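To keep things clear, I will list the structure first and then write my remarks on it.
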Amino acid sequence: MKLTRLLSALALGLVAGVVHADTLVVFAAASLTNALQDIGKTFEARSGHTVKFSFAASSALARQIEAGAQAQVFLSADEQWMDYLAERKLLAASTRTDLLGNSLVLVTPADSKASVTLKPGFDLAAQLGDGRLATGDPAHVPVGKYAKDALTRLGAWQVAEPKLVRADSVRAALVLVERGEVPAGIVYATDAAVSPKVRVAGVFPADTHAPITYPAAIVAGQDTPAARAFMQWLRGNDSTAVFTRYGFSIK
């Protein structure tokens, strides 16, 4: 572990000492907001580079990269949108890596007392009452796709679909629950953990949906020393400690 930290520090030192400081643009899934903001501050202090983040749904970010947006690094909340860029040859060769994992939870406003065991046949209709269910749009937002998968396997999708509020990101879905505009939402466990305005009413078993994986890669044409240093920093001890603190699992 000490050797890894030393190598990371040496790499950053070489970049800072030999190459002029750069501004690095990182496109990242909305659920990574808090963790990456913390990591970015440390990286800037150690490397001399400036990091600018753009957080949104992975689908929106991937399409922006496809359209020519000048991002150097992309972190997705699922494999599909990284595959989307890879199929279009928009990733720098041999830079893709699976970085993190997460889990899926049902959340309610903090003042709710609701609790549910998420198993086949669970009564989602009773949970929602006359209200609706917020999550990412299953058509393109990763958390929504995981949610649809889980609800389908648990036999609750037919109840959920007509009541679904299709948010444009996981954080947008979280806000709807925080404000009490919906009685429940499906988000990542890490999103629930950073909000004092929601509580976890239930955890979806891991086998009800595809593994939640966060791949990272450098964008084609942007394989710079600064981008390489940031990718290495994401794997270093300082970054993994931050990710773990926010509830992510390390791949």
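We name chains A, B, ... following the order of the structure tokens; residues begin at 1 in each chain, and ligands are numbered from 1 as shown.
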* strand (DSSP E) residues, from DSSP on the backbone, in region 149-229 of chain A, as a count of residues only -> 21
So that each row is one residue of region 78-185 of chain A with an atom at most 12 Å from region 44-55 of chain A, can you give its shortest atom pair and the distance in Å to one decimal, using only C-alpha atoms, rows by chain and rising number, as a tab-separated table?
residue	atom	partner	partner_atom	distance
A:Asp168	CA	A:Phe55	CA	11.7
A:Ser169	CA	A:Phe55	CA	9.4
A:Val170	CA	A:Phe55	CA	10.8
A:Arg171	CA	A:Phe55	CA	9.8
A:Ala172	CA	A:Phe55	CA	11.6
Write out as a short mmCIF file (atom, residue, chain, number, x, y, z; two decimals) with N, CA and C atoms, in the first residue's frame the residues lying within 10 Å of region 24-28 of chain A, counting only C-alpha atoms and excluding same-chain residues fewer than 6 positions away.
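Final output, saved to selection_23.cif:
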data_model
loop_
_atom_site.label_atom_id
_atom_site.label_comp_id
_atom_site.auth_asym_id
_atom_site.auth_seq_id
_atom_site.Cartn_x
_atom_site.Cartn_y
_atom_site.Cartn_z
N LEU A 36 -15.89 12.71 -6.04
CA LEU A 36 -14.92 13.26 -6.97
C LEU A 36 -14.55 14.71 -6.65
N GLY A 40 -10.83 15.55 -6.33
CA GLY A 40 -10.29 16.57 -7.22
C GLY A 40 -9.46 17.61 -6.47
N GLU A 44 -5.55 18.32 -7.29
CA GLU A 44 -5.08 19.65 -7.67
C GLU A 44 -3.92 20.09 -6.79
N HIS A 49 -2.28 20.64 -11.35
CA HIS A 49 -3.28 20.75 -12.40
C HIS A 49 -4.60 21.27 -11.81
N THR A 50 -5.44 21.78 -12.68
CA THR A 50 -6.79 22.19 -12.30
C THR A 50 -7.78 21.18 -12.89
N VAL A 51 -8.73 20.74 -12.08
CA VAL A 51 -9.74 19.79 -12.55
C VAL A 51 -11.10 20.46 -12.58
N LYS A 52 -11.76 20.36 -13.71
CA LYS A 52 -13.13 20.84 -13.85
C LYS A 52 -14.03 19.65 -14.12
N PHE A 53 -15.06 19.50 -13.28
CA PHE A 53 -15.97 18.37 -13.42
C PHE A 53 -17.28 18.80 -14.07
N SER A 54 -17.82 17.90 -14.86
CA SER A 54 -19.19 18.04 -15.37
C SER A 54 -19.93 16.78 -14.94
N PHE A 55 -20.94 16.95 -14.08
CA PHE A 55 -21.70 15.81 -13.56
C PHE A 55 -23.09 15.78 -14.17
N ALA A 56 -23.49 14.61 -14.64
CA ALA A 56 -24.81 14.43 -15.24
C ALA A 56 -25.04 12.94 -15.40
N ALA A 57 -26.15 12.57 -16.02
CA ALA A 57 -26.38 11.17 -16.34
C ALA A 57 -25.31 10.69 -17.32
N SER A 58 -24.87 9.46 -17.17
CA SER A 58 -23.83 8.92 -18.04
C SER A 58 -24.23 9.00 -19.50
N ALA A 60 -26.15 11.26 -21.02
CA ALA A 60 -26.00 12.63 -21.52
C ALA A 60 -24.53 12.96 -21.76
N LEU A 61 -23.67 12.54 -20.86
CA LEU A 61 -22.25 12.84 -21.00
C LEU A 61 -21.63 12.10 -22.18
N ALA A 62 -22.01 10.83 -22.34
CA ALA A 62 -21.48 10.05 -23.46
C ALA A 62 -21.88 10.68 -24.79
N GLN A 64 -22.55 13.81 -25.29
CA GLN A 64 -21.80 15.06 -25.44
C GLN A 64 -20.40 14.78 -25.97
N ILE A 65 -19.77 13.73 -25.46
CA ILE A 65 -18.44 13.35 -25.95
C ILE A 65 -18.53 12.95 -27.42
N ALA A 69 -17.55 17.17 -27.38
CA ALA A 69 -17.20 17.87 -26.15
C ALA A 69 -15.77 17.52 -25.73
N GLN A 70 -15.03 18.52 -25.29
CA GLN A 70 -13.61 18.33 -24.99
C GLN A 70 -13.37 17.86 -23.57
N ALA A 71 -13.81 16.67 -23.28
CA ALA A 71 -13.51 16.04 -21.99
C ALA A 71 -12.27 15.17 -22.15
N GLN A 72 -11.45 15.11 -21.10
CA GLN A 72 -10.27 14.24 -21.14
C GLN A 72 -10.55 12.86 -20.53
N VAL A 73 -11.39 12.84 -19.49
CA VAL A 73 -11.66 11.58 -18.77
C VAL A 73 -13.16 11.43 -18.61
N PHE A 74 -13.64 10.20 -18.74
CA PHE A 74 -15.07 9.90 -18.59
C PHE A 74 -15.23 8.78 -17.57
N LEU A 75 -16.13 9.02 -16.59
CA LEU A 75 -16.48 7.99 -15.61
C LEU A 75 -17.99 7.75 -15.73
N SER A 76 -18.36 6.53 -16.07
CA SER A 76 -19.75 6.17 -16.29
C SER A 76 -20.30 5.37 -15.12
N ALA A 77 -21.62 5.40 -14.94
CA ALA A 77 -22.26 4.61 -13.89
C ALA A 77 -22.69 3.24 -14.38
N TYR A 214 -18.80 1.05 -12.26
CA TYR A 214 -18.38 2.36 -12.75
C TYR A 214 -17.06 2.22 -13.49
N ALA A 216 -14.02 3.72 -15.96
CA ALA A 216 -13.39 5.00 -16.25
C ALA A 216 -12.46 4.82 -17.43
N ILE A 218 -9.90 7.29 -20.53
CA ILE A 218 -9.48 8.54 -21.16
C ILE A 218 -10.15 8.62 -22.53
N VAL A 219 -10.59 9.80 -22.89
CA VAL A 219 -11.26 10.01 -24.18
C VAL A 219 -10.22 10.01 -25.30
N GLN A 222 -7.23 12.54 -26.20
CA GLN A 222 -6.99 13.33 -24.99
C GLN A 222 -6.05 12.60 -24.02
N THR A 224 -3.28 12.57 -22.44
CA THR A 224 -2.19 13.44 -22.03
C THR A 224 -1.57 12.96 -20.72
N ALA A 226 -1.42 14.58 -18.02
CA ALA A 226 -2.31 14.99 -16.94
C ALA A 226 -3.48 14.01 -16.79
N ALA A 227 -4.04 13.59 -17.93
CA ALA A 227 -5.14 12.63 -17.88
C ALA A 227 -4.66 11.30 -17.30
N PHE A 230 -4.30 11.63 -13.55
CA PHE A 230 -5.58 11.61 -12.85
C PHE A 230 -6.12 10.19 -12.77
#
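Closest approach to Asp191 (chain A) from the set A:Asp83, A:Tyr246, A:Lys119, A:Ala229 is made by A:Tyr246, with distances taken over only C-alpha atoms.
Counting from CA of Ala217 (chain A), the distance to CA of Leu174 (chain A) is 26.7 Å.
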Counting only C-alpha atoms, the residue among A:Val242, A:Leu154, A:Val107, A:Val141 that lies closest to Pro183 (chain A) is A:Val107
